[in-house]
Each structure stands twice: as structure tokens, then as C-alpha cells.
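Okay, structure first, notes after.
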Amino acid sequence: MEAPIPEAILWDDWHAVAELETVRQWDQITTTLFGRDLTVTDAAPGVRIAYADGSKTLPASIKYGLVWTCLGTPQRDVIDFPESAEPDRYVISTGSFGIRVSGLRLVENFLDIAHFPYVHTGYLGVESSPQVLPYTVRVTDEDEILVTDCRFLQPQSSPVSTGSLDVGYLFHVLRPYTVLLKKTNAVEPDRSDTIVLFVQPVDEERCVGHTLVMSLHAGDPDEACRWFQRLIIGQDRRILENQRPRRLPLDLKSELPVRADLASITYRRWLLDHGVRYGAIAP
Amino acid sequence: MHGTSRWFPVIRSEEIVPRHIAFVQLLDEEIVLWRADDGALNAWENRCPHRGIRLSIGTHAGSEIVCRYHGWRFASGSGSCTLIPAHPSQVPPKAARVRSYQIRERYGFAWIALGDVEGEPSLPELDGLPHLTLRSMTFAAAAADVAATLASEPGIVVHDPYRAVWERMGDAAPMLLLLQPESSAMTTLHAVAGNDLTGAGRLAFLRAHNAWCKEIRPRIVSEESRSAQASR
Amino acid sequence: MIELYDYELSSDAYKARLLLALLGVAWTQRYVEYYPRRQHRAPEFLALSPRGELPVIVDDGTIVDDAQNVLVHLASRHDPTGRWYPQNDAGLTSQVSTWLAFAAALTPTASAARLHDGLLYHHIDVDEARRGAHEQLAVLDEHLWFNEDAGWSWLCTVDQPTIADIACFPDVILAEEGGIELRTYPAIRRWTDRVKAIPGFIAMPGIFPA
Ligand SMILES: N[C@@H](CCC(=O)N[C@@H](CS)C(=O)NCC(=O)O)C(=O)O
Ligand code: FES
Ligand SMILES: [Fe+2]
């Protein structure tokens, strides 16, 4: 049976489907996007992407160390981040990880600071300080979600930090499956590091999270930064795979939000308003 | 699936050990069972009302279960939330409550009824007899398929879709075989015998039953459905 | 000083970290990025250990590889009580060996399924890996059930955990990350609780603390 075709906002967009380095290592890998099996083949300097049954070659693009494709007709480019051009930053993909949950649930997890003390204990939060202070959420003129004024006490906010830090966070949902955060750099407190999460919807109940880090050199050495990101996503993964239902309910009454969930509620509403149903449970 | 208005055994009582969160499934519902330190037994839906995390990965804090994701705490008995750590001074809303199921302990098992049920769990064949519970075994098959295999075994009389009696030759006491339908493709077989064997005799009896369960397995479960289970 | 060639998501490397923590032995970490960079197959690492697998320890100049062998080494060399690897009772030593072998056999099954699902090892036959894991878990659950019934809490018939438990625990509890649910193995779930309750236990991503 042919997998369902998702809404145009998803189908006609670019999605990260592999790390370039992995494709180069194996010459060819297989992956799945919207329930369709794909092969990604090394064709240096580029890559070739096609349906695994050979029926069609797909557009391929390489950016940020990731390989991108679009199953429909691309209506816009892969997102551009101005800070990726700043000379004193690393721009690195820190690994791609499969998670058996809807990609929308992964985005929501990324927007959630209330879980830090319990899931990332000793790194992004401490159990003795779980309180979430009021923060601001708005939908911008560009129709993106912006979460500001988030502060959180973190024991080890990054691999280089040596003590706990009251860290300021900003979250930004750019597209249904793309979200970034900016957080106070542990060495230069008036600048921030950017972490972007690109979610690959494997199907409605499985996804791959691709993480891009754009940190100041003044902060983490590359290796430690990669280690830290894997540690954090490794902790989230086990939680997310135990979430039921695996799809994200858009009916705001089917799960019980509190004030700390304002970002999550806004995201669910925004998905609803944009007609996103893939990986969701419609109300 | 029918069967919501009856009691099903879901686990041997002694397997609900202190500070452990046992995890079972009945008629597609995932359920956690846990004993508070004061002895009260809880059977809850395996799902945190906040963001849907399974409570089977939570922690048992004595008289509460703590959810792994955001640390909400739920009290033994009511299932009501006692603390939302993100907002420690806020009184948790009434709706912040885990759904609980009716539960009984009898004949060495914990029994659950998902819906309205009349009466108590009862195994009249064992009344007045001691009971020895045996190792339960899960099969990748519908309860009806397990029951059909049981019915073809000499000495076993299937009484209803979920219950059979084994009049064992040479054994004075009967053995009850009880089916727990986990889903339409998975069934757990519980067993309790009306004897009070001890020592080596008891162990030999447990081992023999365990061996018998493994022996009938291939007759119930086809290779295909087993690999289907493995890939789920 | 012990150097451990380590990767934080490796179940085998975690065996070494866990035993080191339980023994209270100090060590230093050498990163080997197993995924995605595959540094365990890079020439520098192969020069140290031609097998190209994690973990490897260098203990006072001695290079020790193979996860189970690392446990044997650490317990033999750094456990003055001798309880983690009992060697003065031949029957018990042999039980430990049996379960070390069982642990090694989880690599192509439970562990492979986890690599497939989590680290995107696309070339693994995940159905076959899961089928094999279920067969092994059924054996383990039965063993633990009868041990419990006889009053033993651990894999071996001794009243304290051994390196057999440390060797088997990681791939068993992480099997769920390979789509292998432990719900139908209740004796295994109780045993994993007991392992987590061992004083000095440490967690890793994918394994919650007690
Ligand atoms: N790569 C992981 C984690 C990325 C990440 O860093 N996520 C959240 C935690 S869910 C975060 O806020 N990290 C903050 C940080 O690194 O400070 C993911 O995809 O969820
Ligand atoms: S999901 Fe349980 S506390 Fe948030
Ligand atoms: Fe997280």
C-alpha cells in the first residue's frame, strides 16, 4: 500500500535525510522519508538521491554537512542561517539519530525546558531547581514561533562550563520540522550559541533528528560539543520512545498542559492552523 | 474486543515486589501495578496525564509514582497529582490524575477488570484447597487460538474462552489454566494448582509445567506470527 | 592509571564504566567517536587494538580489549574482595563464564537492533536481530524466574552480583531501543531494578538511574 502523501507544506519542502559524512563512509545508504524508502549514493562532490525501487531520481542538495531532498516540488530553499557565516563559529552536524516517535513530538521536546532537571539531570538542570518562570511566546510577522525570556539554572550548560549558570534561552520554530535554540555562551555571556534541530519524518510514528551546532570557538572544543549533543539526545530518546500515543495530539484537551507548556500549546495550535496533520492526531 | 466486564489475572501477586513497577497489558490497555509501602496495591493506566509518558519508566517513591519526564508525582490510591515541580506553589488541577482500574488479589494473582463487573474473581474448583501458582507464559497468539490448543490436550477441559481445568492423572488436585488476552495477537497463560507441594517436589512440578508450556508453544504459534511479533 | 577508550552511547563501553564505578577505581577517558565518525576503525585506533571494537583499556601499560575480557581483567586486578569475579569455586566461575558468553551473543541481536534503530545502521537485518534477541531474552527470563524462586537475586547462584550481571545488563535493558519490549519478560524487569539498586550504580543515556 502506498504511504499517504502529507500536506503540501511538508511535501514540497526540503528535508535532511542523512549526514554527508555517513554517505561518504558507506558509499550508499538507505533511509525513509514520509514512508518512502530512498537510497542516497555518494557521487562526489555531490550525492545522488532516488526512490529505492529506482523509480525516480530526486533533487539533492548538501548544506551544513547534511544531505537534503524534497519529494514534491520545492517551494523554498533550505533555511539559511546568517550565523553560519560568522568566522569564529563551528558549524557542525553532530550526528543523526533515529527515534520511534512522531517528529512533531521531538520538536515539542526541544521546546520544553521543564524536563531539563529530570531528563538531563546534572547537565541542563537539577532536581532541586525545577521551577519554570513565566516566559513569552508569540507568532511573528513571518509566521514563525518565537519563545523568549526563558531563564534556567544549569549545572553544566555546555561541555566547557565549570559551574552552574543562569542560562538564557530563545527558541524559534521556523518550519513544522525545524526548530532552533540560542543559549548564552558559557565563556562570552553576551553572545549565544545556536543549536538547530532538523527533523526527518520517517513516517508518522518514527523520525530522525539531525542536529546542527553553530557555537563560538570561544566555547566548546568540537569533540566535546559532539559528545555533549549525543549525550543529550540519547537521554531524550528513551523518554520519547515511551510517549503514548506516538503521534502528537492536536486536541488541546487530550493532554494536560500547565503554564510551562505555553510553547508546546502554541506549537500545537500553529500546526493546527497550518493544516499539518502528518504525525499528528487531528482533534 | 469483548471481555471488559470480567476479572482477568494479570500477574502473580508475589511478582509485584516492593518498590517495583510491574507492567502488564490487558485487552490492548497498558497497565502498571505497584504496591505502595503501606501495602496498598494500585493498577493504573500506563500513561502520565501530562504528556503521555509511560509510568512504567517512572520511579516508585514509596507512596507515589514520579513521572520521568517532568517529575509530576501521583499518589497511591487516588492517582491524583500531588506536585507539579515546574510550578511548585500551584495546587495541581483535579484533572491531573492517572486513571486507575479495579484490582483484587486472590488465589495468588492480581486480577483486573477494565469495566463494570459483578462479583469477585472466583475459581470454585480451588476453594478449600491450597494454591500453588506456576510460571506464567506469553504466546504470540489470540486467546482463542491458545484455548483451541489447550482443548486438544488430553485431560484439559476448556470451560469458557479464558479458563480451562486440567484434571491431572495421579494428581489429586486440579490445575486451573487462565488466559489473559493482552491483545488480539498476544495471550498470557497463567496457571494455579490446588496443591501445597514443597521442596524438590514443588520445584519438579514448576519445571514440568514450564517445560509443558514451551512444548505446546510451537503448536499455538506459527513461525510467521512469531517473526511478526519480533518485528513489532 | 587506567585509560578507557570510550564512547558514551556504547553498551560495551558502558560495561567498563559501570564496573569501574562500582569498584571505585579512577580512570581517564579517551574519546573514540564510534558514530558517526567511525573512529574505532581509524588507523590510530586499530594500531592499539586490531579488532577495532570498544571498549579498550590500557592498564599500567597492558592493553586489554573485548568488553567481557575487560570486565574479567578489571575484577581480577582491582577488586580486592574477589566477589565480582569469584575464582575459588570452580562451579561458580563456570557459571560466570556461561553468562559472559551469553552477553557476548547479544551483540548481533539486541545490540544490533539498537544500532539499526538509533544509530541508523541501515545494513543490519533488524527483523532477524530482534527475533534472535527474543529467543535469548526468553532464556534469560526463565533463568532469572527460577533463580528468584530459589531465592537468588542474580544470574549466578551467589548472594551478590558478579561481572556476569554487569556484562548482560546493558544490552538487555537497552534492547528496548531496538524495538524489543521487555514487558513480557517480567523477571528480567525485576532483575534490572536490582542491578540499578547496586550501591555505586551509574546510568548512561538510554538507561535511567534507579
Ligand atoms: N539533539 C538533541 C538535543 C538538542 C538539544 O540540545 N536539545 C535541547 C534539549 S531537549 C536543548 O535544549 N539542548 C540545550 C542545550 O544544549 O543547552 C535533540 O534533537 O533533541
Ligand atoms: S509527561 Fe509526565 S510529568 Fe510531564
Ligand atoms: Fe531534552
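Residue numbering restarts at 1 in every chain; chains get A, B, ... in the order shown in the C-alpha cells, and ligands count up from 1 in that same order.
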Residues of chain B no more than 8 Å from chain A, counting only C-alpha atoms: send them over as a tab-separated table (two decimals) with N, CA and C atoms, in the first residue's frame.
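File result_31.tsv, as written:
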```
chain	number	residue	atom	x	y	z
B	47	ARG	N	0.20	5.69	31.64
B	47	ARG	CA	0.29	6.91	30.86
B	47	ARG	C	0.15	8.10	31.76
B	49	PRO	N	-0.84	11.74	32.64
B	49	PRO	CA	-1.83	12.64	32.02
B	49	PRO	C	-1.21	13.92	31.45
B	50	HIS	N	0.02	14.23	31.83
B	50	HIS	CA	0.61	15.49	31.36
B	50	HIS	C	0.98	15.42	29.88
B	51	ARG	N	1.95	14.57	29.55
B	51	ARG	CA	2.39	14.49	28.16
B	51	ARG	C	2.53	13.05	27.67
B	52	GLY	N	1.80	12.13	28.34
B	52	GLY	CA	1.67	10.79	27.78
B	52	GLY	C	2.84	9.84	28.00
B	53	ILE	N	3.75	10.17	28.90
B	53	ILE	CA	4.88	9.26	29.13
B	53	ILE	C	4.41	8.04	29.92
B	54	ARG	N	4.90	6.88	29.53
B	54	ARG	CA	4.54	5.66	30.25
B	54	ARG	C	5.08	5.72	31.69
B	57	ILE	N	8.20	3.58	33.11
B	57	ILE	CA	9.60	4.01	33.20
B	57	ILE	C	9.79	5.02	34.34
B	68	ARG	N	8.98	10.26	34.77
B	68	ARG	CA	10.36	10.52	34.35
B	68	ARG	C	10.55	11.83	33.60
B	69	TYR	N	9.48	12.34	33.00
B	69	TYR	CA	9.69	13.44	32.05
B	69	TYR	C	9.78	14.80	32.76
B	70	HIS	N	8.77	15.10	33.59
B	70	HIS	CA	8.78	16.41	34.25
B	70	HIS	C	8.58	16.28	35.76
B	71	GLY	N	8.67	15.06	36.25
B	71	GLY	CA	8.65	14.87	37.69
B	71	GLY	C	7.32	15.02	38.39
B	85	PRO	N	6.39	20.02	39.63
B	85	PRO	CA	7.61	20.72	40.04
B	85	PRO	C	7.88	22.02	39.29
B	86	ALA	N	7.42	22.13	38.04
B	86	ALA	CA	7.65	23.38	37.30
B	86	ALA	C	6.92	24.55	37.96
B	87	HIS	N	5.85	24.23	38.69
B	87	HIS	CA	5.07	25.27	39.37
B	87	HIS	C	4.80	24.80	40.80
B	88	PRO	N	5.84	24.78	41.62
B	88	PRO	CA	5.74	24.11	42.92
B	88	PRO	C	4.69	24.70	43.85
B	95	ALA	N	-7.91	17.51	37.24
B	95	ALA	CA	-7.78	16.64	36.07
B	95	ALA	C	-6.42	15.95	35.99
B	96	ALA	N	-5.47	16.44	36.77
B	96	ALA	CA	-4.14	15.82	36.76
B	96	ALA	C	-4.19	14.56	37.61
```
Looking only at strand (DSSP E or B) from DSSP on the backbone, list the matching residues of region 5-232 of chain B as an MDAnalysis selection string. chainID B and resid 8:12 22:26 29:35 41:45 53 59:60 64:66 73:75 80:83 97 100 102:106 109:113 132:133 137:139 156:160 163:166 175:183 186:193
Among listed residues A:Thr140, A:Glu108, A:Leu38, A:Trp14, nearest ligand 2 (using only C-alpha atoms and all ligand atoms): A:Glu108
Using only C-alpha atoms and all ligand atoms, which residue out of B:Leu177, B:Leu55, B:Ala141, B:Ile21 lies closest to ligand 2?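 Looking at the shortest contact to ligand 2, the residue is B:Leu55.
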Just checking: using only C-alpha atoms, which residue out of A:Ala3, A:Leu212, A:Val23, A:Val167 ends up closest to chain C?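 Nearest to chain C: A:Val23.
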What are the residues of chain C that have an atom within 7 Å of an atom of chain B, counting only C-alpha atoms, as a VMD selection string? chain C and resid 127 130 to 131 134 183 to 184
Please produce a file of the residues just selected, as a short mmCIF file (atom, residue, chain, number, x, y, z; two decimals), in the first residue's frame, where the atoms kept are N, CA and C atoms.
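Below is the file again_36.cif, written as the result:
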```
data_model
loop_
_atom_site.label_atom_id
_atom_site.label_comp_id
_atom_site.auth_asym_id
_atom_site.auth_seq_id
_atom_site.Cartn_x
_atom_site.Cartn_y
_atom_site.Cartn_z
N ASP C 127 14.90 -7.42 11.58
CA ASP C 127 13.92 -8.44 11.96
C ASP C 127 14.62 -9.67 12.52
N ARG C 130 16.05 -8.89 15.96
CA ARG C 130 15.03 -8.88 17.02
C ARG C 130 14.56 -10.31 17.33
N ARG C 131 14.41 -11.13 16.31
CA ARG C 131 13.97 -12.50 16.53
C ARG C 131 14.99 -13.22 17.43
N HIS C 134 14.73 -12.00 21.03
CA HIS C 134 13.60 -12.56 21.77
C HIS C 134 13.89 -13.98 22.25
N ARG C 183 8.32 -5.92 28.35
CA ARG C 183 7.13 -6.15 29.16
C ARG C 183 6.84 -7.63 29.39
N THR C 184 7.03 -8.46 28.36
CA THR C 184 6.68 -9.87 28.52
C THR C 184 7.82 -10.68 29.17
#
```
Output as a tab-separated table one row per residue of chain C within 10 Å of chain A: the closest atom pair and its distance in Å to one decimal place, counting only C-alpha atoms, sorted by chain and residue number ascending.
```
residue	atom	partner	partner_atom	distance
C:Tyr7	CA	A:Trp227	CA	8.4
C:Glu8	CA	A:Leu231	CA	6.9
C:Leu9	CA	A:Gly234	CA	7.4
C:Tyr31	CA	A:Glu223	CA	8.3
C:Val32	CA	A:Glu223	CA	9.8
C:Glu33	CA	A:Trp227	CA	8.3
C:Tyr35	CA	A:Gly95	CA	7.5
C:Pro36	CA	A:Gly95	CA	6.0
C:Arg37	CA	A:Glu21	CA	7.6
C:Arg38	CA	A:Gln25	CA	8.7
C:Arg114	CA	A:Gly98	CA	9.7
C:Leu115	CA	A:Gly98	CA	9.4
C:His116	CA	A:Gly98	CA	8.5
C:Asp117	CA	A:Gly98	CA	5.7
C:Gly118	CA	A:Gly98	CA	4.4
C:Leu119	CA	A:Phe97	CA	5.4
C:Leu120	CA	A:Gly98	CA	6.4
C:Tyr121	CA	A:Ile29	CA	8.9
C:His122	CA	A:Thr30	CA	6.2
C:His123	CA	A:Ile29	CA	8.0
C:Leu174	CA	A:Arg238	CA	9.3
C:Glu176	CA	A:Arg238	CA	8.6
C:Glu177	CA	A:Arg238	CA	7.2
C:Gly178	CA	A:Arg100	CA	9.5
C:Gly179	CA	A:Arg100	CA	8.4
C:Met204	CA	A:Gln235	CA	8.0
C:Pro205	CA	A:Gln235	CA	4.5
C:Gly206	CA	A:Arg238	CA	5.2
C:Ile207	CA	A:Arg238	CA	7.8
C:Phe208	CA	A:Gln235	CA	8.4
```
Just the selected residues (C-alpha atoms), exported as a PDB file, in the first residue's frame, please.
```pdb
ATOM      1  CA  TYR C   7      32.022   6.238  23.596  1.00  0.00           C
ATOM      2  CA  GLU C   8      29.091   7.395  25.671  1.00  0.00           C
ATOM      3  CA  LEU C   9      26.388   5.533  23.697  1.00  0.00           C
ATOM      4  CA  TYR C  31      37.140   9.560  23.252  1.00  0.00           C
ATOM      5  CA  VAL C  32      36.596   7.328  20.275  1.00  0.00           C
ATOM      6  CA  GLU C  33      33.709   8.604  18.180  1.00  0.00           C
ATOM      7  CA  TYR C  35      29.208   7.009  15.448  1.00  0.00           C
ATOM      8  CA  PRO C  36      29.099   8.919  13.207  1.00  0.00           C
ATOM      9  CA  ARG C  37      32.835   9.282  12.687  1.00  0.00           C
ATOM     10  CA  ARG C  38      33.753   5.565  12.984  1.00  0.00           C
ATOM     11  CA  ARG C 114      19.581  -0.845  18.679  1.00  0.00           C
ATOM     12  CA  LEU C 115      22.299   0.270  16.287  1.00  0.00           C
ATOM     13  CA  HIS C 116      19.859  -0.132  13.436  1.00  0.00           C
ATOM     14  CA  ASP C 117      17.092   1.898  15.033  1.00  0.00           C
ATOM     15  CA  GLY C 118      19.080   4.535  16.854  1.00  0.00           C
ATOM     16  CA  LEU C 119      22.382   4.949  15.055  1.00  0.00           C
ATOM     17  CA  LEU C 120      20.891   4.253  11.627  1.00  0.00           C
ATOM     18  CA  TYR C 121      22.976   1.175  10.795  1.00  0.00           C
ATOM     19  CA  HIS C 122      20.900   0.635   7.684  1.00  0.00           C
ATOM     20  CA  HIS C 123      22.673  -2.584   6.622  1.00  0.00           C
ATOM     21  CA  LEU C 174      18.872  -1.213  26.011  1.00  0.00           C
ATOM     22  CA  GLU C 176      14.033  -1.583  24.046  1.00  0.00           C
ATOM     23  CA  GLU C 177      15.943   0.976  21.980  1.00  0.00           C
ATOM     24  CA  GLY C 178      15.996  -1.668  19.266  1.00  0.00           C
ATOM     25  CA  GLY C 179      12.226  -2.119  19.345  1.00  0.00           C
ATOM     26  CA  MET C 204      24.019   6.208  30.731  1.00  0.00           C
ATOM     27  CA  PRO C 205      21.854   7.806  28.038  1.00  0.00           C
ATOM     28  CA  GLY C 206      19.044   5.299  27.462  1.00  0.00           C
ATOM     29  CA  ILE C 207      19.326   3.805  30.939  1.00  0.00           C
ATOM     30  CA  PHE C 208      17.588   5.722  33.675  1.00  0.00           C
TER      31      PHE C 208
END
```
Tell me, as a ChimeraX atom specification, which residues lie within 9 Å of Pro209 (chain C), counting only C-alpha atoms; anything in the same chain fewer than 3 positions away does not count. /C:196-197,201-204
Let's see if you can do this: from backbone DSSP, list all helix (DSSP H, G or I) residues in region 63-191 of chain C, as a PyMOL selection string. chain C and resi 67-78+90-104+107-118+126-149+163-178+186-191
Keeping only C-alpha atoms, take the residues you just selected and write them out as a short mmCIF file (atom, residue, chain, number, x, y, z; two decimals), in the first residue's frame.
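What landed in selection_30.cif:
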```
data_model
loop_
_atom_site.label_atom_id
_atom_site.label_comp_id
_atom_site.auth_asym_id
_atom_site.auth_seq_id
_atom_site.Cartn_x
_atom_site.Cartn_y
_atom_site.Cartn_z
CA ALA C 67 34.10 -5.99 26.71
CA GLN C 68 33.77 -9.22 28.67
CA ASN C 69 37.53 -9.62 28.91
CA VAL C 70 37.83 -6.05 30.18
CA LEU C 71 35.42 -6.95 33.00
CA VAL C 72 37.44 -10.07 33.82
CA HIS C 73 40.61 -8.02 33.86
CA LEU C 74 39.26 -5.20 35.99
CA ALA C 75 37.68 -7.54 38.52
CA SER C 76 40.77 -9.77 38.71
CA ARG C 77 43.14 -6.87 39.08
CA HIS C 78 41.20 -4.24 41.00
CA ALA C 90 35.01 -23.79 40.08
CA GLY C 91 31.26 -24.23 39.75
CA LEU C 92 30.66 -20.55 40.27
CA THR C 93 33.47 -19.47 37.96
CA SER C 94 31.94 -21.61 35.27
CA GLN C 95 28.50 -20.03 35.78
CA VAL C 96 30.09 -16.62 35.35
CA SER C 97 31.73 -17.77 32.11
CA THR C 98 28.44 -19.03 30.75
CA TRP C 99 26.79 -15.65 31.23
CA LEU C 100 29.76 -13.75 29.88
CA ALA C 101 29.33 -15.79 26.71
CA PHE C 102 25.61 -15.08 26.75
CA ALA C 103 26.37 -11.36 27.00
CA ALA C 104 28.70 -11.54 24.01
CA THR C 107 25.92 -8.19 20.16
CA PRO C 108 24.49 -9.46 16.85
CA THR C 109 20.93 -9.45 18.22
CA ALA C 110 19.72 -6.92 20.81
CA SER C 111 22.66 -4.62 20.33
CA ALA C 112 22.49 -4.77 16.53
CA ALA C 113 18.77 -3.90 16.59
CA ARG C 114 19.58 -0.85 18.68
CA LEU C 115 22.30 0.27 16.29
CA HIS C 116 19.86 -0.13 13.44
CA ASP C 117 17.09 1.90 15.03
CA GLY C 118 19.08 4.53 16.85
CA VAL C 126 16.70 -5.83 12.09
CA ASP C 127 13.92 -8.44 11.96
CA GLU C 128 16.45 -11.22 12.29
CA ALA C 129 18.27 -9.34 15.07
CA ARG C 130 15.03 -8.88 17.02
CA ARG C 131 13.97 -12.50 16.53
CA GLY C 132 17.31 -13.67 17.91
CA ALA C 133 17.05 -11.27 20.84
CA HIS C 134 13.60 -12.56 21.77
CA GLU C 135 14.91 -16.13 21.87
CA GLN C 136 17.75 -15.08 24.15
CA LEU C 137 15.53 -12.97 26.41
CA ALA C 138 13.14 -15.89 26.82
CA VAL C 139 16.06 -18.00 28.06
CA LEU C 140 17.23 -15.24 30.39
CA ASP C 141 13.77 -14.57 31.81
CA GLU C 142 13.24 -18.25 32.57
CA HIS C 143 16.64 -18.50 34.23
CA LEU C 144 16.01 -15.43 36.38
CA TRP C 145 12.49 -16.57 37.29
CA PHE C 146 13.72 -19.90 38.62
CA ASN C 147 16.67 -18.25 40.34
CA GLU C 148 14.28 -15.84 42.07
CA ASP C 149 12.07 -18.73 43.07
CA ILE C 163 30.58 -9.45 36.38
CA ALA C 164 28.05 -11.78 34.74
CA ASP C 165 25.30 -9.35 35.74
CA ILE C 166 27.36 -6.35 34.61
CA ALA C 167 28.06 -7.99 31.25
CA CYS C 168 24.43 -8.86 30.48
CA PHE C 169 22.65 -5.83 31.91
CA PRO C 170 23.45 -3.13 29.28
CA ASP C 171 22.34 -4.86 26.09
CA VAL C 172 19.34 -6.37 27.84
CA ILE C 173 17.96 -3.10 29.18
CA LEU C 174 18.87 -1.21 26.01
CA ALA C 175 17.10 -3.82 23.86
CA GLU C 176 14.03 -1.58 24.05
CA GLU C 177 15.94 0.98 21.98
CA GLY C 178 16.00 -1.67 19.27
CA PRO C 186 8.85 -9.68 33.97
CA ALA C 187 11.69 -11.49 35.74
CA ILE C 188 14.15 -9.55 33.59
CA ARG C 189 12.48 -6.25 34.52
CA ARG C 190 12.78 -7.06 38.23
CA TRP C 191 16.44 -8.03 37.82
#
```
What does the distance between CA of Ser192 (chain A) and CA of Leu111 (chain A) come to in Å, to one decimal place?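 If I compute the distance from CA of Ser192 (chain A) to CA of Leu111 (chain A), I get 16.9 Å.
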Contact residues around Arg247 (chain A) with only C-alpha atoms at 7 Å, ignoring same-chain residues under 2 positions, as a ChimeraX atom specification: /A:101-102,204-205,245,249,279-281
Measure the distance from atom 3 (C, counted along the ligand's line) of ligand 1 to CA of Gly122 (chain A) in Å and round it to one decimal.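 Going from atom 3 (C, counted along the ligand's line) of ligand 1 over to CA of Gly122 (chain A) covers 15.2 Å.
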Residues near Pro174 (chain B), cut-off 10 Å, only C-alpha atoms, skip fewer than 4 positions along chain, as a list of chain:residue names: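 Final neighbour list, sorted by chain and number: B:Glu125, B:Leu126, B:Leu129, B:Val165, B:Trp166, B:Glu167, B:Arg168, B:Met169, B:Val192, B:Ala193, B:Gly194, B:Asn195.
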Any idea what's packed within 9 Å of region 213-216 of chain B, counting only C-alpha atoms, ignoring anything in its chain fewer than 2 positions away? Could you give it as number ranges by chain? B: 136-137, 149-150, 189, 208-211, 218-221
Limited to C-alpha atoms, could you put the picked residues into a file as a PDB file, in the first residue's frame?
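File written: selection37.pdb
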```pdb
ATOM      1  CA  SER B 136       3.139 -17.587  33.519  1.00  0.00           C
ATOM      2  CA  MET B 137       3.985 -17.737  29.836  1.00  0.00           C
ATOM      3  CA  THR B 149      -4.678 -25.823  21.599  1.00  0.00           C
ATOM      4  CA  LEU B 150      -5.462 -26.382  25.263  1.00  0.00           C
ATOM      5  CA  LEU B 189      -1.295 -18.199  30.193  1.00  0.00           C
ATOM      6  CA  ALA B 208       7.446 -29.694  34.403  1.00  0.00           C
ATOM      7  CA  HIS B 209       4.772 -27.080  33.848  1.00  0.00           C
ATOM      8  CA  ASN B 210       7.305 -24.671  32.377  1.00  0.00           C
ATOM      9  CA  ALA B 211       8.546 -27.394  30.031  1.00  0.00           C
ATOM     10  CA  PRO B 218       5.029 -24.330  18.578  1.00  0.00           C
ATOM     11  CA  ARG B 219       1.569 -25.842  18.321  1.00  0.00           C
ATOM     12  CA  ILE B 220      -0.015 -22.467  19.081  1.00  0.00           C
ATOM     13  CA  VAL B 221       2.339 -20.079  17.470  1.00  0.00           C
TER      14      VAL B 221
END
```
